[in-house]
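Asks: upload.pdb is reproduced below (PDB, C-alpha atoms).
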ATOM      1  CA  ILE Q1448      -6.667   4.491  -4.992  1.00  0.00           C
ATOM      2  CA  ILE Q1449      -6.717   5.111  -1.252  1.00  0.00           C
ATOM      3  CA  PRO Q1450      -8.592   2.734   1.091  1.00  0.00           C
ATOM      4  CA  ALA Q1451      -9.560   4.649   4.217  1.00  0.00           C
ATOM      5  CA  GLY Q1452     -11.270   3.877   7.503  1.00  0.00           C
ATOM      6  CA  ASN Q1453     -11.329   6.623  10.105  1.00  0.00           C
ATOM      7  CA  GLU Q1454      -8.379   8.515   8.667  1.00  0.00           C
ATOM      8  CA  GLU Q1455      -9.329  12.179   9.129  1.00  0.00           C
ATOM      9  CA  LYS Q1456      -5.882  12.871  10.589  1.00  0.00           C
ATOM     10  CA  TYR Q1457      -4.011  11.568   7.538  1.00  0.00           C
ATOM     11  CA  ILE Q1458      -6.208  11.572   4.427  1.00  0.00           C
ATOM     12  CA  ARG Q1459      -5.573  15.137   3.296  1.00  0.00           C
ATOM     13  CA  ARG Q1460      -1.828  14.625   3.582  1.00  0.00           C
ATOM     14  CA  ALA Q1461      -2.022  11.555   1.346  1.00  0.00           C
ATOM     15  CA  ILE Q1462      -4.175  13.324  -1.253  1.00  0.00           C
ATOM     16  CA  ASP Q1463      -2.100  16.510  -1.315  1.00  0.00           C
ATOM     17  CA  SER Q1464       1.120  14.540  -1.791  1.00  0.00           C
ATOM     18  CA  LEU Q1465      -0.335  12.723  -4.799  1.00  0.00           C
ATOM     19  CA  VAL Q1466      -1.582  15.966  -6.340  1.00  0.00           C
ATOM     20  CA  SER Q1467       1.820  17.608  -5.862  1.00  0.00           C
ATOM     21  CA  SER Q1468       3.604  14.579  -7.292  1.00  0.00           C
ATOM     22  CA  ALA Q1469       1.302  14.556 -10.337  1.00  0.00           C
ATOM     23  CA  ASP Q1470       1.902  18.283 -10.862  1.00  0.00           C
ATOM     24  CA  TYR Q1471       5.652  17.654 -10.717  1.00  0.00           C
ATOM     25  CA  ALA Q1472       5.241  14.909 -13.323  1.00  0.00           C
ATOM     26  CA  LYS Q1473       3.017  17.171 -15.443  1.00  0.00           C
ATOM     27  CA  THR Q1474       0.428  14.425 -15.704  1.00  0.00           C
ATOM     28  CA  GLU Q1475      -3.215  14.033 -14.766  1.00  0.00           C
ATOM     29  CA  LEU Q1476      -4.070  11.779 -11.849  1.00  0.00           C
ATOM     30  CA  GLU Q1477      -7.425  10.320 -10.917  1.00  0.00           C
ATOM     31  CA  ILE Q1478      -7.715   9.901  -7.133  1.00  0.00           C
ATOM     32  CA  ILE Q1479     -10.344   7.590  -5.636  1.00  0.00           C
ATOM     33  CA  VAL Q1480     -10.807   7.331  -1.870  1.00  0.00           C
ATOM     34  CA  VAL Q1481     -12.768   4.260  -0.782  1.00  0.00           C
ATOM     35  CA  CYS Q1482     -14.139   4.804   2.737  1.00  0.00           C
ATOM     36  CA  ASN Q1483     -14.695   1.550   4.603  1.00  0.00           C
ATOM     37  CA  GLY Q1484     -17.180   1.983   7.426  1.00  0.00           C
ATOM     38  CA  THR Q1485     -15.951   5.498   8.215  1.00  0.00           C
ATOM     39  CA  THR Q1486     -17.593   7.356  11.111  1.00  0.00           C
ATOM     40  CA  ASP Q1487     -15.358  10.445  11.237  1.00  0.00           C
ATOM     41  CA  ARG Q1488     -14.725  13.328   8.802  1.00  0.00           C
ATOM     42  CA  THR Q1489     -12.634  11.325   6.327  1.00  0.00           C
ATOM     43  CA  PRO Q1490     -15.246  11.440   3.497  1.00  0.00           C
ATOM     44  CA  SER Q1491     -15.916  15.169   3.829  1.00  0.00           C
ATOM     45  CA  ILE Q1492     -12.204  15.994   3.963  1.00  0.00           C
ATOM     46  CA  ALA Q1493     -11.563  13.922   0.843  1.00  0.00           C
ATOM     47  CA  GLU Q1494     -14.531  15.485  -0.948  1.00  0.00           C
ATOM     48  CA  GLY Q1495     -13.218  18.920   0.007  1.00  0.00           C
ATOM     49  CA  ALA Q1496      -9.952  18.020  -1.725  1.00  0.00           C
ATOM     50  CA  GLY Q1497     -11.891  17.475  -4.959  1.00  0.00           C
ATOM     51  CA  VAL Q1498     -11.344  13.746  -5.352  1.00  0.00           C
ATOM     52  CA  THR Q1499     -13.774  10.896  -5.977  1.00  0.00           C
ATOM     53  CA  VAL Q1500     -15.117   9.447  -2.733  1.00  0.00           C
ATOM     54  CA  VAL Q1501     -16.828   6.061  -2.478  1.00  0.00           C
ATOM     55  CA  THR Q1502     -18.416   4.931   0.788  1.00  0.00           C
ATOM     56  CA  ARG Q1503     -19.007   1.335   1.780  1.00  0.00           C
ATOM     57  CA  PRO Q1504     -20.192  -0.285   5.025  1.00  0.00           C
ATOM     58  CA  ALA Q1505     -17.789  -1.491   7.663  1.00  0.00           C
ATOM     59  CA  GLY Q1506     -16.312  -4.936   7.370  1.00  0.00           C
ATOM     60  CA  ILE Q1507     -15.487  -5.086   3.659  1.00  0.00           C
ATOM     61  CA  GLY Q1508     -11.767  -5.029   4.447  1.00  0.00           C
ATOM     62  CA  VAL Q1509      -8.844  -3.161   2.924  1.00  0.00           C
ATOM     63  CA  SER Q1510      -8.409  -5.613   0.024  1.00  0.00           C
ATOM     64  CA  ARG Q1511     -12.031  -5.249  -1.025  1.00  0.00           C
ATOM     65  CA  ALA Q1512     -11.736  -1.462  -0.721  1.00  0.00           C
ATOM     66  CA  ARG Q1513      -8.721  -1.457  -3.036  1.00  0.00           C
ATOM     67  CA  ASN Q1514     -10.504  -3.654  -5.555  1.00  0.00           C
ATOM     68  CA  ILE Q1515     -13.566  -1.409  -5.557  1.00  0.00           C
ATOM     69  CA  GLY Q1516     -11.373   1.571  -6.365  1.00  0.00           C
ATOM     70  CA  ALA Q1517      -9.644  -0.345  -9.157  1.00  0.00           C
ATOM     71  CA  TRP Q1518     -12.915  -1.420 -10.758  1.00  0.00           C
ATOM     72  CA  LEU Q1519     -14.219   2.172 -10.645  1.00  0.00           C
ATOM     73  CA  ALA Q1520     -11.073   3.769 -12.062  1.00  0.00           C
ATOM     74  CA  ASN Q1521     -11.223   5.293 -15.523  1.00  0.00           C
ATOM     75  CA  THR Q1522     -10.533   2.522 -18.029  1.00  0.00           C
ATOM     76  CA  GLU Q1523      -8.202   4.829 -19.981  1.00  0.00           C
ATOM     77  CA  ASN Q1524      -5.718   4.802 -17.096  1.00  0.00           C
ATOM     78  CA  GLU Q1525      -2.991   2.194 -17.620  1.00  0.00           C
ATOM     79  CA  ILE Q1526      -1.409   2.449 -14.176  1.00  0.00           C
ATOM     80  CA  LEU Q1527      -3.147   1.762 -10.872  1.00  0.00           C
ATOM     81  CA  VAL Q1528      -1.392   3.254  -7.844  1.00  0.00           C
ATOM     82  CA  PHE Q1529      -2.512   2.088  -4.399  1.00  0.00           C
ATOM     83  CA  LEU Q1530      -1.556   4.225  -1.405  1.00  0.00           C
ATOM     84  CA  ASP Q1531      -2.455   3.670   2.242  1.00  0.00           C
ATOM     85  CA  ALA Q1532      -4.362   6.556   3.807  1.00  0.00           C
ATOM     86  CA  ASP Q1533      -1.678   7.099   6.464  1.00  0.00           C
ATOM     87  CA  SER Q1534       1.100   7.340   3.866  1.00  0.00           C
ATOM     88  CA  TYR Q1535       2.281  10.027   1.467  1.00  0.00           C
ATOM     89  CA  VAL Q1536       4.632  10.219  -1.514  1.00  0.00           C
ATOM     90  CA  ASP Q1537       7.530  12.483  -2.438  1.00  0.00           C
ATOM     91  CA  ALA Q1538       7.493  14.835  -5.428  1.00  0.00           C
ATOM     92  CA  GLN Q1539       9.256  12.397  -7.767  1.00  0.00           C
ATOM     93  CA  SER Q1540       7.150   9.305  -7.143  1.00  0.00           C
ATOM     94  CA  ILE Q1541       4.522   9.664  -9.872  1.00  0.00           C
ATOM     95  CA  SER Q1542       7.002  10.749 -12.550  1.00  0.00           C
ATOM     96  CA  GLU Q1543       9.306   7.847 -11.672  1.00  0.00           C
ATOM     97  CA  ILE Q1544       6.451   5.339 -11.747  1.00  0.00           C
ATOM     98  CA  VAL Q1545       5.326   6.639 -15.147  1.00  0.00           C
ATOM     99  CA  SER Q1546       8.848   6.622 -16.582  1.00  0.00           C
ATOM    100  CA  LYS Q1547       9.694   3.099 -15.342  1.00  0.00           C
ATOM    101  CA  PHE Q1548       6.305   1.617 -16.163  1.00  0.00           C
ATOM    102  CA  LYS Q1549       5.956  -1.028 -18.879  1.00  0.00           C
ATOM    103  CA  ALA Q1550       3.191  -3.423 -19.793  1.00  0.00           C
ATOM    104  CA  TYR Q1551       2.621  -6.190 -17.234  1.00  0.00           C
ATOM    105  CA  THR Q1552       4.762  -4.609 -14.539  1.00  0.00           C
ATOM    106  CA  TYR Q1553       4.038  -3.863 -10.909  1.00  0.00           C
ATOM    107  CA  GLY Q1554       6.075  -2.671  -7.968  1.00  0.00           C
ATOM    108  CA  THR Q1555       6.814   0.018  -5.410  1.00  0.00           C
ATOM    109  CA  VAL Q1556       9.155   2.833  -4.421  1.00  0.00           C
ATOM    110  CA  LEU Q1557      11.441   2.796  -1.388  1.00  0.00           C
ATOM    111  CA  GLY Q1558       9.917   3.414   2.036  1.00  0.00           C
ATOM    112  CA  ARG Q1559      10.602   5.774   4.905  1.00  0.00           C
ATOM    113  CA  PRO Q1560       8.901   6.459   8.256  1.00  0.00           C
ATOM    114  CA  ASP Q1561       6.991   9.712   8.688  1.00  0.00           C
ATOM    115  CA  THR Q1562       8.563  10.095  12.140  1.00  0.00           C
ATOM    116  CA  LYS Q1563      12.207  10.951  12.728  1.00  0.00           C
ATOM    117  CA  SER Q1564      13.548   8.094  14.790  1.00  0.00           C
ATOM    118  CA  PHE Q1565      16.711   6.036  14.538  1.00  0.00           C
ATOM    119  CA  LEU Q1566      14.782   2.852  15.320  1.00  0.00           C
ATOM    120  CA  TYR Q1567      12.169   3.419  12.611  1.00  0.00           C
ATOM    121  CA  SER Q1568      14.780   4.577  10.089  1.00  0.00           C
ATOM    122  CA  PHE Q1569      16.793   1.428  10.781  1.00  0.00           C
ATOM    123  CA  PHE Q1570      13.647  -0.668  10.368  1.00  0.00           C
ATOM    124  CA  PHE Q1571      13.081   0.795   6.907  1.00  0.00           C
ATOM    125  CA  PHE Q1572      16.765   0.455   6.049  1.00  0.00           C
ATOM    126  CA  ILE Q1573      16.357  -3.295   6.602  1.00  0.00           C
ATOM    127  CA  LYS Q1574      13.095  -3.440   4.623  1.00  0.00           C
ATOM    128  CA  ASN Q1575      14.528  -1.440   1.739  1.00  0.00           C
ATOM    129  CA  THR Q1576      17.675  -3.593   1.680  1.00  0.00           C
ATOM    130  CA  VAL Q1577      15.635  -6.801   1.583  1.00  0.00           C
ATOM    131  CA  HIS Q1578      13.730  -5.433  -1.410  1.00  0.00           C
ATOM    132  CA  ARG Q1579      16.900  -4.174  -3.125  1.00  0.00           C
ATOM    133  CA  LEU Q1580      18.410  -7.656  -2.828  1.00  0.00           C
ATOM    134  CA  GLY Q1581      15.298  -9.187  -4.376  1.00  0.00           C
ATOM    135  CA  LEU Q1582      14.557 -11.264  -1.272  1.00  0.00           C
ATOM    136  CA  TYR Q1583      11.031  -9.872  -1.096  1.00  0.00           C
ATOM    137  CA  LYS Q1584       8.874  -8.307  -3.788  1.00  0.00           C
ATOM    138  CA  GLY Q1585       6.149  -6.347  -2.062  1.00  0.00           C
ATOM    139  CA  SER Q1586       5.260  -2.779  -1.144  1.00  0.00           C
ATOM    140  CA  LEU Q1587       7.176  -0.165   0.811  1.00  0.00           C
ATOM    141  CA  GLY Q1588       5.839   2.926   2.525  1.00  0.00           C
ATOM    142  CA  GLY Q1589       2.249   1.855   1.879  1.00  0.00           C
ATOM    143  CA  LEU Q1590       2.498   2.226  -1.930  1.00  0.00           C
ATOM    144  CA  MET Q1591       2.106  -0.319  -4.699  1.00  0.00           C
ATOM    145  CA  PHE Q1592       1.446   0.178  -8.400  1.00  0.00           C
ATOM    146  CA  PHE Q1593       0.138  -2.217 -11.049  1.00  0.00           C
ATOM    147  CA  ASP Q1594      -0.303  -2.388 -14.762  1.00  0.00           C
ATOM    148  CA  ARG Q1595      -4.085  -2.255 -15.047  1.00  0.00           C
ATOM    149  CA  GLN Q1596      -4.295  -5.297 -17.317  1.00  0.00           C
ATOM    150  CA  LEU Q1597      -2.092  -7.388 -15.034  1.00  0.00           C
ATOM    151  CA  PHE Q1598      -4.169  -6.384 -12.007  1.00  0.00           C
ATOM    152  CA  HIS Q1599      -7.407  -7.409 -13.700  1.00  0.00           C
ATOM    153  CA  ASP Q1600      -5.931 -10.624 -15.103  1.00  0.00           C
ATOM    154  CA  ILE Q1601      -5.015 -11.850 -11.621  1.00  0.00           C
ATOM    155  CA  GLY Q1602      -8.351 -10.757 -10.143  1.00  0.00           C
ATOM    156  CA  GLY Q1603      -7.035  -8.033  -7.854  1.00  0.00           C
ATOM    157  CA  TYR Q1604      -6.350  -8.391  -4.150  1.00  0.00           C
ATOM    158  CA  ALA Q1605      -7.493 -11.510  -2.309  1.00  0.00           C
ATOM    159  CA  GLU Q1606     -10.530 -10.190  -0.461  1.00  0.00           C
ATOM    160  CA  HIS Q1607     -10.577 -12.955   2.153  1.00  0.00           C
ATOM    161  CA  MET Q1608      -7.180 -11.811   3.438  1.00  0.00           C
ATOM    162  CA  ALA Q1609      -6.822  -9.078   6.050  1.00  0.00           C
ATOM    163  CA  VAL Q1610      -3.099  -9.620   6.566  1.00  0.00           C
ATOM    164  CA  ASP Q1611      -0.157 -10.240   4.210  1.00  0.00           C
ATOM    165  CA  GLU Q1612      -2.313  -9.641   1.148  1.00  0.00           C
ATOM    166  CA  ILE Q1613       0.654  -7.859  -0.468  1.00  0.00           C
ATOM    167  CA  TYR Q1614       2.787 -11.019  -0.365  1.00  0.00           C
ATOM    168  CA  GLU Q1615      -0.082 -12.997  -1.831  1.00  0.00           C
ATOM    169  CA  ILE Q1616      -0.912 -10.670  -4.732  1.00  0.00           C
ATOM    170  CA  SER Q1617       2.783 -10.272  -5.587  1.00  0.00           C
ATOM    171  CA  ARG Q1618       3.151 -14.044  -5.782  1.00  0.00           C
ATOM    172  CA  ARG Q1619       0.148 -14.317  -8.128  1.00  0.00           C
ATOM    173  CA  ALA Q1620       1.381 -11.426 -10.274  1.00  0.00           C
ATOM    174  CA  ARG Q1621       4.759 -13.114 -10.826  1.00  0.00           C
ATOM    175  CA  ALA Q1622       3.081 -16.453 -11.552  1.00  0.00           C
ATOM    176  CA  LYS Q1623       1.039 -14.691 -14.248  1.00  0.00           C
ATOM    177  CA  GLY Q1624       4.177 -13.311 -15.895  1.00  0.00           C
ATOM    178  CA  GLY Q1625       4.252  -9.918 -14.201  1.00  0.00           C
ATOM    179  CA  LYS Q1626       7.616  -8.205 -13.754  1.00  0.00           C
ATOM    180  CA  TYR Q1627       8.364  -6.562 -10.409  1.00  0.00           C
ATOM    181  CA  ILE Q1628       9.966  -3.111 -10.414  1.00  0.00           C
ATOM    182  CA  LEU Q1629      11.603  -1.476  -7.395  1.00  0.00           C
ATOM    183  CA  ILE Q1630      12.053   2.264  -7.940  1.00  0.00           C
ATOM    184  CA  THR Q1631      15.045   3.310  -5.865  1.00  0.00           C
ATOM    185  CA  ASN Q1632      15.113   7.091  -6.321  1.00  0.00           C
ATOM    186  CA  SER Q1633      11.667   7.887  -4.885  1.00  0.00           C
ATOM    187  CA  TYR Q1634      10.095   7.380  -1.479  1.00  0.00           C
ATOM    188  CA  ALA Q1635       6.731   6.810   0.144  1.00  0.00           C
ATOM    189  CA  TYR Q1636       6.482   7.785   3.799  1.00  0.00           C
ATOM    190  CA  THR Q1637       4.170   5.958   6.161  1.00  0.00           C
ATOM    191  CA  SER Q1638       2.853   6.357   9.693  1.00  0.00           C
ATOM    192  CA  MET Q1639       4.518   4.311  12.412  1.00  0.00           C
ATOM    193  CA  ARG Q1640       1.455   4.493  14.680  1.00  0.00           C
ATOM    194  CA  ARG Q1641       1.170   0.724  15.095  1.00  0.00           C
ATOM    195  CA  PHE Q1642       4.806   0.477  16.159  1.00  0.00           C
ATOM    196  CA  GLU Q1643       4.337   3.403  18.533  1.00  0.00           C
ATOM    197  CA  LYS Q1644       1.273   1.789  20.100  1.00  0.00           C
ATOM    198  CA  TYR Q1645       2.423  -1.824  20.377  1.00  0.00           C
ATOM    199  CA  GLY Q1646       6.197  -1.617  20.173  1.00  0.00           C
ATOM    200  CA  PRO Q1647       8.603  -3.167  17.637  1.00  0.00           C
ATOM    201  CA  ILE Q1648       8.950  -6.522  19.409  1.00  0.00           C
ATOM    202  CA  ILE Q1649       5.220  -7.303  19.379  1.00  0.00           C
ATOM    203  CA  MET Q1650       4.946  -6.134  15.781  1.00  0.00           C
ATOM    204  CA  LEU Q1651       7.921  -8.264  14.736  1.00  0.00           C
ATOM    205  CA  ILE Q1652       6.426 -11.351  16.395  1.00  0.00           C
ATOM    206  CA  PHE Q1653       3.062 -10.682  14.747  1.00  0.00           C
ATOM    207  CA  TRP Q1654       4.548 -10.402  11.257  1.00  0.00           C
ATOM    208  CA  LEU Q1655       6.843 -13.424  11.687  1.00  0.00           C
ATOM    209  CA  LYS Q1656       3.827 -15.451  12.779  1.00  0.00           C
ATOM    210  CA  THR Q1657       1.821 -14.160   9.811  1.00  0.00           C
ATOM    211  CA  ARG Q1658       4.582 -14.952   7.335  1.00  0.00           C
ATOM    212  CA  TYR Q1659       4.970 -18.475   8.695  1.00  0.00           C
ATOM    213  CA  MET Q1660       1.236 -19.082   8.427  1.00  0.00           C
ATOM    214  CA  ASN Q1661       1.107 -17.710   4.888  1.00  0.00           C
ATOM    215  CA  ILE Q1662       4.170 -19.511   3.530  1.00  0.00           C
ATOM    216  CA  PHE Q1663       3.087 -22.860   4.916  1.00  0.00           C
ATOM    217  CA  LYS Q1664      -0.501 -22.289   3.727  1.00  0.00           C
ATOM    218  CA  LYS Q1665      -2.029 -22.142   7.145  1.00  0.00           C
ATOM    219  CA  LYS Q1666      -4.934 -19.847   7.966  1.00  0.00           C
ATOM    220  CA  VAL Q1667      -3.695 -16.236   8.165  1.00  0.00           C
ATOM    221  CA  PRO Q1668      -5.017 -13.892  10.868  1.00  0.00           C
ATOM    222  CA  GLY Q1669      -8.384 -12.441   9.938  1.00  0.00           C
ATOM    223  CA  ALA Q1670      -9.776  -8.930  10.062  1.00  0.00           C
ATOM    224  CA  LYS Q1671     -10.926  -9.219  13.671  1.00  0.00           C
ATOM    225  CA  GLU Q1672      -7.445 -10.101  14.894  1.00  0.00           C
ATOM    226  CA  TYR Q1673      -5.778  -7.495  12.718  1.00  0.00           C
ATOM    227  CA  LYS Q1674      -8.089  -4.608  13.637  1.00  0.00           C
ATOM    228  CA  ALA Q1675      -6.316  -3.842  16.895  1.00  0.00           C
ATOM    229  CA  ILE Q1676      -2.997  -3.697  15.054  1.00  0.00           C
ATOM    230  CA  ARG Q1677      -4.327  -1.193  12.515  1.00  0.00           C
ATOM    231  CA  ASP Q1678      -5.824   1.195  15.109  1.00  0.00           C
TER     232      ASP Q1678
END
Would you write the structure of this file as structure tokens?
Replies:
Amino acid sequence: IIPAGNEEKYIRRAIDSLVSSADYAKTELEIIVVCNGTTDRTPSIAEGAGVTVVTRPAGIGVSRARNIGAWLANTENEILVFLDADSYVDAQSISEIVSKFKAYTYGTVLGRPDTKSFLYSFFFFIKNTVHRLGLYKGSLGGLMFFDRQLFHDIGGYAEHMAVDEIYEISRRARAKGGKYILITNSYAYTSMRRFEKYGPIIMLIFWLKTRYMNIFKKKVPGAKEYKAIRD
């Protein structure tokens, strides 16, 4: 399930990586792209790749887009894999998710930047280490997978949240009895465009502020505030 705004630059890369990873795993994969207020060629590119494309008006938000994809997914599929449109997976990701998957589990693979840079590699080294140590149970590289039943039992992503929705859904999944899995021999690569546009210091301040607001149950930044960060 890939939520996508104006992602014509990245969407084919994301789709092709999933197809290749499914071929490597010798398994079938249903791919659903949920276009949220798209005005560029994202839908036509995704349709040209032979996947299911759903279009919705602008303003529904990334959490709502993910939920729409989950509700539309074939009910025979036990595993829901969510991938950001500006991310892609390595060849082993799908096979490792399938092999590690158990009922009522959720989790992610390790993350890497899609740009060769010491700064960005160090950033992901810190993020991966925090996850390895169990200090945070979220997503890396823009990928997160869920047992379908667990996802439905907790009601999916919180649609009122535009920021830090991963922290929130992970907390609810654990409270419901879900077991978090970190797969350490596969990677998802993600665009560093926000860091390149705003710089690491501004991004760090933004996320520290967001985490403080979320942990202490204050109002988290909404879609309007977050939009500039996502561009």
Asks: Kindly resolve the PyMOL selection byres ((chain Q and resi 1499) around 7) on the present coordinates and return the residues as a list of chain:residue names.
Replies: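 Checked against the file, the PyMOL selection byres ((chain Q and resi 1499) around 7) matches Q:Ile1478, Q:Ile1479, Q:Val1480, Q:Glu1494, Q:Gly1497, Q:Val1498, Q:Val1500, Q:Val1501.
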Asks: Can you write out the residues you just picked, keeping C-alpha atoms, as a JSON list (two decimals), in the coordinates of the input?
Replies:
[["chain", "number", "residue", "atom", "x", "y", "z"],
["Q", 1478, "ILE", "CA", -7.72, 9.90, -7.13],
["Q", 1479, "ILE", "CA", -10.34, 7.59, -5.64],
["Q", 1480, "VAL", "CA", -10.81, 7.33, -1.87],
["Q", 1494, "GLU", "CA", -14.53, 15.48, -0.95],
["Q", 1497, "GLY", "CA", -11.89, 17.48, -4.96],
["Q", 1498, "VAL", "CA", -11.34, 13.75, -5.35],
["Q", 1500, "VAL", "CA", -15.12, 9.45, -2.73],
["Q", 1501, "VAL", "CA", -16.83, 6.06, -2.48]]
Asks: Would you kindly translate the PyMOL selection byres ((chain Q and resi 1569-1576) around 10) into the concrete residues it picks from this file, as a PyMOL selection string?
Replies: chain Q and resi 1556-1560+1564-1568+1577-1583+1586-1588+1629+1631+1647
Asks: Within 10 Å of Q:Asn1514, counting all atoms listed in the file, which residues show up once you throw out same-chain ones fewer than 2 positions away? Write them as a PyMOL selection string, please.
Replies: chain Q and resi 1448+1450+1481+1509-1512+1516-1520+1529+1598-1599+1602-1606
Asks: Just checking: using all atoms listed in the file, which residue out of Q:Pro1490, Q:Gly1646, Q:Gly1554, Q:Gly1452 ends up closest to Q:Gly1506?
Replies: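 When distances to Q:Gly1506 are compared using all atoms listed in the file, the smallest one comes from Q:Gly1452.
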Asks: Would you give the centre and edge lengths, in Å to one decimal, of a box along x, y and z around the listed atoms of stretch 1641-1646 of chain Q, with 8 Å added to each side, as lines of an AutoDock Vina configuration file?
Replies:
center_x = 3.7
center_y = 0.8
center_z = 17.7
size_x = 21.0
size_y = 21.2
size_z = 21.3
Asks: Between atom CA of Q:Asp1594 and atom CA of Q:Tyr1553, what is the distance, to one decimal in Å?
Replies: 6.0 Å
Asks: Could you list as a list in words every residue that has an atom within 9 Å of (4.9, 2.9, -11.6), using the file's coordinates and counting only C-alpha atoms?
Replies: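 Selection result: Ile1526, Leu1527, Val1528, Ser1540, Ile1541, Ser1542, Glu1543, Ile1544, Val1545, Ser1546, Lys1547, Phe1548, Lys1549, Thr1552, Tyr1553, Gly1554, Thr1555, Val1556, Met1591, Phe1592, Phe1593, Asp1594, Ile1628 and Ile1630 of chain Q.
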Asks: Select, counting only C-alpha atoms, all protein, DNA and RNA residues no farther than 9 Å from (-17.8, 1.2, 11.9) in file coordinates, and express the selection as a ChimeraX atom specification.
Replies: /Q:1452-1453,1483-1486,1504-1506
Asks: Nearest to Q:Val1610 among Q:Gly1508, Q:Glu1455, Q:Ile1515, Q:Phe1642, with distances taken over only C-alpha atoms: which residue is it?
Replies: Q:Gly1508
Asks: Could you work out how far atom CA of Q:Thr1489 lies from atom CA of Q:Thr1502, giving the answer in Å with one decimal?
Replies: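 Separation between atom CA of Q:Thr1502 and atom CA of Q:Thr1489: 10.2 Å.
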Asks: Between Q:Ala1622, Q:Val1536, Q:Ala1472, Q:Cys1482, which is the closest to Q:Tyr1551 once you count all atoms listed in the file?
Replies: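 Under the stated criterion, the closest residue is Q:Ala1622.
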Asks: Could you tell me how far atom CA of Q:Tyr1636 sits from atom CA of Q:Ser1534, in Å to one decimal place?
Replies: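 Atom-to-atom, atom CA of Q:Ser1534 and atom CA of Q:Tyr1636 are spaced 5.4 Å apart.
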Asks: Evaluated on this file, the PyMOL selection byres ((chain Q and resi 1535) around 9) picks out some residues - which ones are they, written as a list in words?
Replies: Tyr1457, Arg1460, Ala1461, Ile1462, Asp1463, Ser1464, Leu1465, Leu1530, Asp1531, Ala1532, Asp1533, Ser1534, Val1536, Asp1537, Asp1561, Gly1588, Gly1589, Leu1590, Tyr1634, Ala1635, Tyr1636 and Thr1637 of chain Q
Asks: Keeping only C-alpha atoms, write the selected residues to a file as a short mmCIF file (atom, residue, chain, number, x, y, z; two decimals), in the frame of the given file.
Replies:
data_model
loop_
_atom_site.label_atom_id
_atom_site.label_comp_id
_atom_site.auth_asym_id
_atom_site.auth_seq_id
_atom_site.Cartn_x
_atom_site.Cartn_y
_atom_site.Cartn_z
CA TYR Q 1457 -4.01 11.57 7.54
CA ARG Q 1460 -1.83 14.62 3.58
CA ALA Q 1461 -2.02 11.56 1.35
CA ILE Q 1462 -4.18 13.32 -1.25
CA ASP Q 1463 -2.10 16.51 -1.32
CA SER Q 1464 1.12 14.54 -1.79
CA LEU Q 1465 -0.34 12.72 -4.80
CA LEU Q 1530 -1.56 4.22 -1.40
CA ASP Q 1531 -2.46 3.67 2.24
CA ALA Q 1532 -4.36 6.56 3.81
CA ASP Q 1533 -1.68 7.10 6.46
CA SER Q 1534 1.10 7.34 3.87
CA VAL Q 1536 4.63 10.22 -1.51
CA ASP Q 1537 7.53 12.48 -2.44
CA ASP Q 1561 6.99 9.71 8.69
CA GLY Q 1588 5.84 2.93 2.52
CA GLY Q 1589 2.25 1.86 1.88
CA LEU Q 1590 2.50 2.23 -1.93
CA TYR Q 1634 10.10 7.38 -1.48
CA ALA Q 1635 6.73 6.81 0.14
CA TYR Q 1636 6.48 7.78 3.80
CA THR Q 1637 4.17 5.96 6.16
#
Asks: Taking all atoms listed in the file into account, name the residue in Q:Leu1597, Q:Ala1469, Q:Ala1496, Q:Leu1651 that is nearest to Q:Glu1525.
Replies: Q:Leu1597
Asks: Point out the residue among Q:Ala1538, Q:Thr1562, Q:Ser1491, Q:Phe1653 with the least atom-to-atom distance to Q:Arg1640, counting all atoms listed in the file.
Replies: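 Closest to Q:Arg1640 of all the choices is Q:Thr1562.
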